[in-house]
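What follows is the content of run-v2.txt (compact mmCIF, C-alpha atoms).
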# COMPACT_ATOMS: atom_id res chain seq x y z
CA MET L 1 34.42 -17.31 17.10
CA LYS L 2 35.31 -20.86 16.18
CA ILE L 3 33.30 -24.09 16.38
CA SER L 4 35.77 -26.96 16.40
CA ARG L 5 35.76 -30.66 15.66
CA VAL L 6 32.24 -31.20 14.36
CA ASN L 7 30.72 -33.06 11.43
CA ILE L 8 29.84 -30.26 9.02
CA VAL L 9 26.84 -30.91 6.77
CA THR L 10 26.76 -28.92 3.52
CA ASP L 11 24.43 -29.31 0.56
CA LYS L 12 26.96 -31.66 -1.08
CA GLU L 13 28.99 -33.48 1.59
CA ILE L 14 29.60 -34.26 5.26
CA PHE L 15 33.10 -33.87 6.66
CA PHE L 16 34.89 -33.46 10.00
CA GLY L 17 36.21 -29.97 10.58
CA ASN L 18 35.96 -26.48 12.04
CA VAL L 19 34.02 -23.33 11.18
CA THR L 20 35.05 -19.75 11.92
CA ILE L 21 32.51 -16.95 12.29
CA GLU L 22 33.09 -13.21 11.93
CA ASN L 23 30.49 -10.44 11.92
CA GLY L 24 27.65 -12.96 12.02
CA LYS L 25 28.79 -14.86 8.92
CA PHE L 26 30.86 -17.94 8.14
CA SER L 27 34.36 -16.62 7.37
CA ASN L 28 36.13 -19.95 7.03
CA ILE L 29 35.18 -23.62 6.79
CA GLN L 30 38.08 -25.98 7.42
CA LYS L 31 38.05 -29.66 6.47
CA LEU L 32 40.13 -31.79 8.83
CA SER L 33 38.97 -35.11 7.41
CA SER L 34 36.66 -36.09 4.59
CA LYS L 35 35.36 -38.86 6.83
CA PRO L 36 32.84 -37.85 9.53
CA SER L 37 33.71 -38.71 13.11
CA THR L 38 31.49 -41.22 14.91
CA ARG L 39 32.07 -39.31 18.16
CA ALA L 40 31.40 -35.76 16.96
CA LYS L 41 28.16 -33.82 16.85
CA PHE L 42 26.69 -32.59 13.55
CA LEU L 43 26.64 -28.96 12.48
CA LEU L 44 23.59 -28.40 10.25
CA PRO L 45 22.11 -25.26 8.69
CA GLY L 46 19.59 -23.70 11.06
CA PHE L 47 16.13 -25.16 10.48
CA ILE L 48 13.69 -23.02 8.50
CA ASP L 49 10.03 -23.44 9.43
CA SER L 50 8.31 -21.72 6.52
CA HIS L 51 4.77 -22.60 7.60
CA THR L 52 4.06 -22.04 11.30
CA HIS L 53 1.08 -20.33 12.91
CA GLY L 54 2.75 -20.05 16.29
CA GLY L 55 3.39 -21.82 19.57
CA TYR L 56 4.03 -21.31 23.29
CA GLY L 57 0.92 -19.14 23.68
CA TRP L 58 1.38 -17.00 20.54
CA ASP L 59 -0.04 -17.03 17.03
CA PHE L 60 0.24 -14.54 14.19
CA ASN L 61 -3.49 -13.82 14.00
CA GLN L 62 -3.04 -11.97 17.30
CA LEU L 63 -1.45 -9.16 15.30
CA ALA L 64 -4.95 -8.24 14.12
CA LYS L 65 -5.67 -7.05 17.66
CA ASN L 66 -2.21 -5.52 18.17
CA ASN L 67 -1.61 -8.24 20.79
CA PHE L 68 2.03 -9.11 21.47
CA LYS L 69 1.52 -11.14 24.64
CA ASN L 70 3.76 -14.25 24.74
CA ILE L 71 5.74 -13.20 21.65
CA ASP L 72 9.02 -13.47 23.59
CA LYS L 73 8.10 -16.98 24.76
CA TYR L 74 7.40 -17.98 21.16
CA LEU L 75 10.69 -16.62 19.80
CA GLU L 76 12.57 -18.32 22.65
CA GLY L 77 10.67 -21.55 22.01
CA VAL L 78 11.40 -21.87 18.30
CA VAL L 79 15.17 -21.61 18.73
CA SER L 80 14.99 -24.46 21.25
CA GLU L 81 13.69 -26.53 18.31
CA GLY L 82 16.75 -25.61 16.22
CA VAL L 83 14.75 -23.14 14.11
CA THR L 84 16.59 -19.96 13.05
CA THR L 85 14.15 -18.65 10.43
CA ILE L 86 10.36 -18.78 10.21
CA VAL L 87 7.62 -17.51 7.93
CA GLY L 88 4.81 -16.52 10.27
CA THR L 89 1.49 -17.91 9.10
CA THR L 90 -2.06 -16.65 9.59
CA VAL L 91 -5.29 -18.60 9.14
CA THR L 92 -8.32 -17.28 7.30
CA CYS L 93 -9.60 -14.05 8.81
CA SER L 94 -11.63 -11.05 7.65
CA LYS L 95 -10.20 -8.60 5.13
CA LYS L 96 -10.27 -5.98 7.88
CA ASP L 97 -8.10 -8.22 10.09
CA LEU L 98 -5.71 -8.90 7.19
CA ASN L 99 -5.21 -5.16 6.89
CA SER L 100 -4.64 -4.80 10.64
CA ILE L 101 -2.12 -7.67 10.65
CA SER L 102 -0.29 -6.03 7.76
CA LYS L 103 -0.14 -2.68 9.56
CA ASN L 104 1.04 -4.23 12.83
CA TRP L 105 3.71 -6.42 11.22
CA LYS L 106 6.35 -3.69 11.48
CA LYS L 107 5.80 -3.53 15.24
CA PHE L 108 6.34 -7.27 15.40
CA ILE L 109 9.58 -7.02 13.40
CA ASP L 110 10.89 -4.50 15.95
CA LYS L 111 10.28 -7.00 18.75
CA ASP L 112 12.08 -9.78 16.86
CA GLN L 113 15.58 -8.82 17.98
CA ASN L 114 17.28 -11.88 16.47
CA LYS L 115 15.47 -11.38 13.13
CA ILE L 116 14.04 -14.89 13.10
CA VAL L 117 10.88 -13.98 11.16
CA ALA L 118 11.55 -13.68 7.42
CA GLY L 119 8.01 -12.98 6.28
CA TRP L 120 4.30 -13.66 6.25
CA TYR L 121 2.43 -16.73 4.98
CA ILE L 122 -1.18 -15.74 4.24
CA GLU L 123 -3.00 -19.08 4.45
CA GLY L 124 -6.54 -18.04 3.60
CA PRO L 125 -8.99 -16.57 2.82
CA PHE L 126 -8.36 -17.27 -0.89
CA ILE L 127 -8.99 -21.01 -0.58
CA SER L 128 -11.84 -23.42 -1.41
CA GLN L 129 -14.96 -24.17 0.56
CA GLU L 130 -14.59 -27.91 -0.12
CA LYS L 131 -11.08 -28.11 1.33
CA LYS L 132 -11.25 -25.38 3.94
CA GLY L 133 -10.09 -27.71 6.73
CA ALA L 134 -9.63 -25.71 9.94
CA HIS L 135 -10.57 -22.37 8.37
CA ASP L 136 -13.72 -20.34 8.92
CA GLN L 137 -16.03 -21.14 5.99
CA LYS L 138 -17.87 -17.83 6.34
CA LEU L 139 -14.67 -15.88 5.59
CA VAL L 140 -13.41 -17.90 2.59
CA THR L 141 -13.42 -15.80 -0.59
CA PRO L 142 -11.84 -15.56 -4.08
CA ILE L 143 -8.67 -13.49 -4.55
CA ASP L 144 -9.17 -9.79 -3.78
CA LEU L 145 -6.55 -7.71 -5.62
CA LYS L 146 -7.40 -4.58 -3.63
CA VAL L 147 -6.47 -6.34 -0.37
CA LEU L 148 -3.28 -7.82 -1.84
CA ASN L 149 -2.18 -4.49 -3.33
CA GLN L 150 -2.64 -2.81 0.05
CA ILE L 151 -0.53 -5.46 1.80
CA LYS L 152 2.11 -5.13 -0.93
CA LYS L 153 2.35 -1.36 -0.33
CA GLN L 154 2.66 -1.75 3.43
CA ASN L 155 5.33 -4.49 3.56
CA ASN L 156 8.29 -5.50 1.41
CA PHE L 157 9.32 -8.75 3.13
CA VAL L 158 8.72 -12.32 1.94
CA LYS L 159 5.02 -13.03 1.42
CA ILE L 160 3.63 -16.50 0.65
CA LEU L 161 0.01 -16.64 -0.46
CA ALA L 162 -2.23 -19.72 -0.30
CA VAL L 163 -4.46 -20.06 -3.35
CA ALA L 164 -7.08 -22.57 -4.49
CA PRO L 165 -6.69 -22.15 -8.26
CA GLU L 166 -10.09 -23.61 -9.16
CA VAL L 167 -12.02 -20.89 -7.33
CA LYS L 168 -13.63 -18.27 -9.60
CA ASN L 169 -10.88 -16.26 -11.37
CA ASN L 170 -8.00 -17.34 -9.08
CA LEU L 171 -6.13 -19.34 -11.73
CA ASN L 172 -6.00 -16.42 -14.15
CA LEU L 173 -4.78 -14.06 -11.41
CA ILE L 174 -1.84 -16.23 -10.32
CA SER L 175 0.47 -14.91 -13.05
CA LYS L 176 -0.31 -11.35 -11.90
CA ILE L 177 0.08 -11.82 -8.16
CA SER L 178 3.13 -14.11 -8.41
CA LYS L 179 5.24 -11.02 -9.14
CA ASP L 180 4.74 -9.91 -5.53
CA TYR L 181 3.71 -13.09 -3.72
CA ILE L 182 5.08 -16.63 -3.59
CA VAL L 183 1.97 -18.55 -4.59
CA SER L 184 1.29 -21.84 -2.82
CA ILE L 185 -1.41 -24.21 -4.10
CA GLY L 186 -3.58 -25.78 -1.44
CA HIS L 187 -6.78 -26.02 0.56
CA SER L 188 -7.93 -26.87 -2.94
CA ASN L 189 -10.03 -29.48 -4.67
CA CYS L 190 -8.62 -28.73 -8.13
CA SER L 191 -7.71 -31.26 -10.80
CA ALA L 192 -4.10 -32.14 -11.64
CA ASP L 193 -4.49 -30.20 -14.88
CA ILE L 194 -5.55 -27.00 -13.11
CA ALA L 195 -2.78 -27.44 -10.53
CA LEU L 196 -0.25 -27.83 -13.34
CA HIS L 197 -1.53 -24.68 -15.03
CA ALA L 198 -1.22 -22.86 -11.68
CA MET L 199 2.44 -23.90 -11.54
CA ILE L 200 3.00 -22.77 -15.14
CA ASN L 201 1.37 -19.43 -14.20
CA GLY L 202 3.83 -18.98 -11.33
CA ALA L 203 2.90 -21.12 -8.29
CA LYS L 204 6.03 -22.32 -6.46
CA ARG L 205 4.74 -24.50 -3.61
CA ILE L 206 2.03 -26.95 -2.55
CA ILE L 207 0.55 -26.43 0.91
CA HIS L 208 0.98 -29.34 3.36
CA LEU L 209 0.79 -32.11 0.76
CA TYR L 210 -2.03 -34.67 1.37
CA ASN L 211 -3.81 -32.44 3.89
CA GLN L 212 -6.82 -30.60 2.42
CA THR L 213 -5.76 -31.27 -1.18
CA SER L 214 -7.53 -33.13 -3.97
CA LYS L 215 -6.52 -36.78 -3.71
CA PHE L 216 -4.40 -39.13 -5.78
CA ASP L 217 -6.83 -40.81 -8.17
CA HIS L 218 -6.30 -43.10 -11.16
CA ARG L 219 -9.26 -41.69 -13.12
CA ASN L 220 -9.62 -38.14 -11.81
CA PRO L 221 -6.05 -37.06 -10.93
CA GLY L 222 -5.68 -34.28 -8.40
CA ILE L 223 -2.96 -32.20 -6.75
CA ILE L 224 -1.13 -35.23 -5.38
CA ASN L 225 -0.88 -36.78 -8.86
CA MET L 226 0.56 -33.50 -10.09
CA ALA L 227 3.03 -33.32 -7.17
CA PHE L 228 4.39 -36.75 -8.09
CA LEU L 229 5.53 -35.45 -11.49
CA ASP L 230 9.17 -34.48 -11.91
CA ILE L 231 8.41 -30.74 -12.01
CA PRO L 232 9.83 -27.62 -10.32
CA ILE L 233 7.40 -27.16 -7.44
CA TYR L 234 8.12 -27.58 -3.73
CA CYS L 235 5.93 -29.80 -1.55
CA GLU L 236 5.37 -28.86 2.10
CA LEU L 237 5.17 -31.87 4.40
CA ILE L 238 3.94 -31.98 8.00
CA CYS L 239 6.04 -34.72 9.59
CA ASP L 240 4.43 -35.19 13.01
CA GLY L 241 3.33 -38.75 12.13
CA PHE L 242 -0.37 -37.84 12.45
CA HIS L 243 -1.04 -35.52 9.53
CA VAL L 244 0.85 -37.93 7.27
CA ASN L 245 1.46 -41.59 8.09
CA LYS L 246 5.11 -42.66 8.32
CA LEU L 247 4.73 -45.04 5.38
CA VAL L 248 3.44 -42.15 3.26
CA LEU L 249 6.39 -40.03 4.39
CA LYS L 250 8.62 -42.78 2.99
CA ASN L 251 6.56 -42.97 -0.22
CA THR L 252 6.90 -39.21 -0.65
CA TYR L 253 10.65 -39.30 -0.03
CA ASP L 254 10.99 -42.01 -2.71
CA ILE L 255 8.72 -40.36 -5.29
CA VAL L 256 9.00 -36.59 -4.81
CA LYS L 257 12.71 -36.75 -3.83
CA PRO L 258 14.65 -34.65 -1.29
CA ASP L 259 15.25 -31.69 -3.61
CA ARG L 260 11.53 -30.74 -3.56
CA ILE L 261 10.36 -31.59 -0.03
CA ILE L 262 10.04 -28.84 2.60
CA ILE L 263 9.51 -30.01 6.18
CA ILE L 264 7.09 -27.71 8.03
CA THR L 265 5.39 -27.83 11.42
CA ASP L 266 2.08 -26.06 10.69
CA SER L 267 2.26 -25.54 14.45
CA LEU L 268 -0.42 -23.75 16.46
CA SER L 269 -0.28 -21.42 19.45
CA CYS L 270 -0.93 -24.31 21.85
CA LYS L 271 2.35 -26.03 20.97
CA GLY L 272 4.24 -26.31 24.23
CA LEU L 273 1.13 -25.65 26.34
CA PRO L 274 -1.03 -28.01 28.44
CA ASN L 275 -3.86 -30.05 26.93
CA GLY L 276 -7.15 -28.18 26.75
CA SER L 277 -9.29 -25.77 24.73
CA TYR L 278 -7.77 -23.10 22.48
CA LYS L 279 -8.70 -20.74 19.64
CA LEU L 280 -7.50 -20.96 16.04
CA GLY L 281 -8.53 -17.71 14.42
CA THR L 282 -12.30 -17.66 14.96
CA LEU L 283 -12.58 -21.42 15.56
CA ASN L 284 -12.58 -23.46 18.78
CA THR L 285 -10.09 -26.30 19.09
CA TYR L 286 -8.98 -28.83 21.66
CA LYS L 287 -5.46 -30.10 22.20
CA THR L 288 -4.41 -33.55 23.33
CA SER L 289 -0.81 -34.61 23.86
CA GLU L 290 -0.62 -35.68 20.20
CA ILE L 291 -2.77 -33.44 18.00
CA VAL L 292 -5.16 -30.47 17.81
CA ARG L 293 -8.69 -30.84 16.43
CA LEU L 294 -11.69 -28.61 15.83
CA LYS L 295 -14.36 -28.95 18.50
CA SER L 296 -17.12 -28.70 15.91
CA ASP L 297 -16.33 -31.80 13.82
CA ASP L 298 -12.97 -33.28 14.96
CA THR L 299 -11.13 -32.05 11.85
CA ILE L 300 -7.35 -32.00 12.42
CA ALA L 301 -6.50 -28.34 12.97
CA GLY L 302 -2.71 -28.28 13.09
CA SER L 303 0.44 -29.70 14.61
CA ILE L 304 2.00 -29.33 18.04
CA LYS L 305 5.21 -31.33 17.56
CA PRO L 306 8.40 -29.18 17.62
CA PHE L 307 10.39 -28.85 14.40
CA ASN L 308 13.33 -31.02 15.46
CA LYS L 309 10.90 -33.75 16.57
CA GLN L 310 9.25 -33.66 13.15
CA VAL L 311 12.68 -33.96 11.54
CA GLN L 312 13.30 -36.97 13.81
CA THR L 313 10.03 -38.54 12.66
CA PHE L 314 10.95 -38.03 9.01
CA LEU L 315 14.39 -39.52 9.61
CA GLU L 316 12.89 -42.58 11.32
CA ALA L 317 10.39 -43.04 8.48
CA THR L 318 12.78 -42.62 5.56
CA HIS L 319 16.33 -43.36 6.81
CA CYS L 320 17.49 -40.46 4.65
CA ASN L 321 21.04 -39.16 5.03
CA MET L 322 22.10 -35.92 6.73
CA ILE L 323 22.78 -34.08 3.47
CA GLU L 324 19.23 -34.78 2.32
CA LEU L 325 17.87 -33.87 5.72
CA ALA L 326 19.65 -30.49 5.62
CA LYS L 327 18.01 -29.77 2.26
CA MET L 328 14.51 -30.68 3.42
CA SER L 329 14.78 -28.90 6.78
CA SER L 330 16.51 -25.75 5.54
CA LEU L 331 17.87 -25.23 2.02
CA ASN L 332 14.69 -26.04 0.07
CA ALA L 333 12.69 -23.61 2.19
CA ALA L 334 15.36 -20.94 1.67
CA LYS L 335 15.20 -21.51 -2.09
CA SER L 336 11.41 -21.37 -2.15
CA ILE L 337 11.37 -17.94 -0.49
CA GLY L 338 14.36 -16.55 -2.39
CA LEU L 339 16.79 -16.38 0.53
CA ASP L 340 19.18 -19.16 -0.51
CA ASP L 341 21.91 -16.58 -1.19
CA LYS L 342 21.99 -15.81 2.55
CA ILE L 343 20.79 -18.83 4.55
CA GLY L 344 20.13 -22.55 4.25
CA ILE L 345 23.71 -23.68 3.57
CA ILE L 346 26.92 -23.93 5.58
CA LYS L 347 29.07 -21.82 3.27
CA LYS L 348 31.62 -19.03 3.49
CA GLY L 349 29.94 -15.63 3.35
CA TYR L 350 26.52 -16.94 4.41
CA LEU L 351 24.81 -15.97 7.66
CA ALA L 352 26.01 -18.16 10.51
CA ASP L 353 22.59 -19.68 11.22
CA PHE L 354 23.25 -23.23 12.38
CA VAL L 355 22.35 -25.91 14.87
CA ILE L 356 24.46 -28.50 16.69
CA VAL L 357 22.70 -31.87 16.94
CA ASP L 358 23.44 -35.53 17.47
CA SER L 359 22.60 -38.29 15.00
CA LYS L 360 19.01 -38.43 16.33
CA ILE L 361 18.49 -34.66 15.86
CA ASN L 362 18.49 -33.84 19.56
CA ILE L 363 19.29 -30.12 19.84
CA TYR L 364 22.45 -29.12 21.71
CA LYS L 365 22.94 -25.54 20.56
CA THR L 366 21.29 -23.09 18.17
CA TYR L 367 23.11 -20.12 16.64
CA LYS L 368 21.52 -17.18 14.82
CA ASN L 369 23.80 -14.75 12.97
CA GLY L 370 26.72 -16.32 14.80
CA LYS L 371 25.14 -15.67 18.20
CA LEU L 372 24.30 -18.49 20.61
CA VAL L 373 20.51 -18.18 21.11
CA TYR L 374 19.83 -21.57 22.72
CA GLU L 375 21.81 -24.15 24.65
CA ASN L 376 20.32 -27.41 25.94
CA ARG L 377 21.81 -27.86 29.39
CA GLY L 378 19.67 -30.90 30.10
CA ILE L 379 21.51 -33.31 27.76
Let me see the file written as structure tokens.
Amino acid sequence: MKISRVNIVTDKEIFFGNVTIENGKFSNIQKLSSKPSTRAKFLLPGFIDSHTHGGYGWDFNQLAKNNFKNIDKYLEGVVSEGVTTIVGTTVTCSKKDLNSISKNWKKFIDKDQNKIVAGWYIEGPFISQEKKGAHDQKLVTPIDLKVLNQIKKQNNFVKILAVAPEVKNNLNLISKISKDYIVSIGHSNCSADIALHAMINGAKRIIHLYNQTSKFDHRNPGIINMAFLDIPIYCELICDGFHVNKLVLKNTYDIVKPDRIIIITDSLSCKGLPNGSYKLGTLNTYKTSEIVRLKSDDTIAGSIKPFNKQVQTFLEATHCNMIELAKMSSLNAAKSIGLDDKIGIIKKGYLADFVIVDSKINIYKTYKNGKLVYENRGI
């Protein structure tokens, strides 16, 4: 198969050309002109949403009850957003439910025919009470090695683990668990110093920067101060315009830089559904056309804006270029989960996961493993 006369966006350049695909991988990338065409669409690496709870009536906590209702709608929905890889994310639940989710994950993988789901993001229960956000306070607990060892035995895919390093013995355990889990700092009220030690001990990411993290402070520096250092840790960023103001998106782009930002949705099951009442784990939420909040205290619970729309918002806020955008929407996430030798770049020998968009990131076509999985016939 050949995709002709498009602006190809790699991790280093944009050029006008063709790509050839064989056996689900890029077999040839041909440059026709080093200058992009003003009339051509852009071919970008498929978006990677490495922090998403669900959408279109599905969320990953449903695996605790062996419930697969609406899973097909969800997998169809994400590709319409240009997403070709996700890390399915669960909110804080009981240890019993964690075990059930782990056991049922293999059944889910069998239903994922296009192999969109790369792994599991365990966001809670090993977080802090002070920064629990939209997590059930009664279920929050320090790291439990017995639970983590059981999950490790049952599954060998990518596993990201949210950790508040200031809680009990969590900081000391990071070096141990980081051999099997990608540790992400967040839902934490820790100091910059503790956050830095967590990174030195093996933490690779910061959970949705600014949201439920210790604040930037000139006397008592927190996680945000640490994130602003020029250090090797990725910063997740929800770019719906509500979780993080557009001006702050621009500030982050200027300070943190495109090589460390990972655009995520943090989307909930009610993405793509009508306004109304929904569940998030054990908690009750309500959805408006813009945001989801807890019924109990109006805390922001998660995002409902599709991935490509969040990329649009980031582009509007920062005026970044397409090469940078490809890094923040795909390559950085691939690097953070150790899959950058397979996905995240338009490169010969890599999986042909890509999306065709215009300059405003409207989705025209989405390809997974060289197969057309979505086409927008309404444009």
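Compared by their closest atoms to Ile116 of chain L, and using only C-alpha atoms, the residues L:Asn70, L:Ile86, L:Val183, L:His208 rank with L:Ile86 nearest.
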Give me, as a list in words, all polymer residues having an atom no more than 12 Å from Lys132 of chain L, counting all atoms listed in the file and skipping those fewer than 5 positions away in the same chain.
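That gives Val91, Thr92, Glu123, Gly124, Pro125, Phe126, Ile127, Gln137, Lys138, Leu139, Val140, Thr141, Ala162, Val163, Ala164, Gly186, His187, Ser188, Asn189, Asn211, Gln212, Thr213, Ser214, Thr299, Ile300 and Ala301 of chain L.
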What lies within 10 Å of Leu145 of chain L using all atoms listed in the file, ignoring chain neighbours under 6 positions off, as JSON, numbers by chain?
{"L": [151, 173, 176, 177]}
May I have the residues within 12 Å of segment 292-296 of chain L as an MDAnalysis selection string, using all atoms listed in the file and disregarding those fewer than 2 positions away in the same chain?
chainID L and resid 133:136 240 242:243 266:271 273:290 298:305
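Residue nearest Asn61 of chain L within the list L:Leu331, L:Ile29, L:Leu171, L:Ile101: L:Ile101 [criterion: smallest interatomic distance, all atoms listed in the file].
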From (6.4, -44.0, 11.5), in the file's coordinates, out to 10 Å: which residues are reached, counting only C-alpha atoms? Answer as a ChimeraX atom specification.
/L:239-242,244-250,313-318
Contacts of Leu44 of chain L at 10 Å (all atoms listed in the file; same-chain gap of 4+ positions) as a ChimeraX atom specification:
/L:6-11,14,82,322-323,325-327,329-330,344-346,353-357,361,366
Long-range neighbours of Asp180 of chain L as an NGL selection string, 12 Å cut-off, all atoms listed in the file, 3 positions minimum in chain:
:L and (145 or 148-153 or 155-161 or 173-177 or 183 or 202-203 or 337)
Within 9 Å of (-5.1, -3.4, 5.6) (file coordinates; all atoms listed in the file), which protein or nucleic acid residues are there? I'd like them as a list in words.
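Answer for this query, in the requested form: Lys95, Lys96, Asp97, Leu98, Asn99, Ser100, Ile101, Ser102, Lys103, Val147, Leu148, Gln150, Ile151 and Gln154 of chain L.
We find atom CA of Phe47 of chain L and atom CA of Lys131 of chain L to be spaced 28.9 Å apart.
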Of L:Ser128, L:Asn201, L:Gln113, L:Asn321, the one nearest to Lys368 of chain L when counting only C-alpha atoms is L:Gln113
Here is a test: counting only C-alpha atoms, which residue of L:Met328, L:Leu75, L:Ile109, L:Ile185 is nearest to Gly57 of chain L?
L:Leu75
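Note that atom CA of Val311 of chain L and atom CA of Ile224 of chain L are 21.9 Å apart.
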Please report the interatomic distance between atom CA of Thr90 of chain L and atom CA of Leu229 of chain L in Å with one decimal.
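Value for the atom CA of Thr90 of chain L-atom CA of Leu229 of chain L distance: 29.2 Å.
Take the candidates L:Glu22, L:Glu236, L:Asp72, L:Glu81 and check each one against Tyr364 of chain L using only C-alpha atoms; the shortest distance goes to L:Glu81.
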Selected residue of minimal separation from Pro306 of chain L among L:Gly24, L:Met226, L:Leu339, L:Ile363, counting only C-alpha atoms
L:Ile363
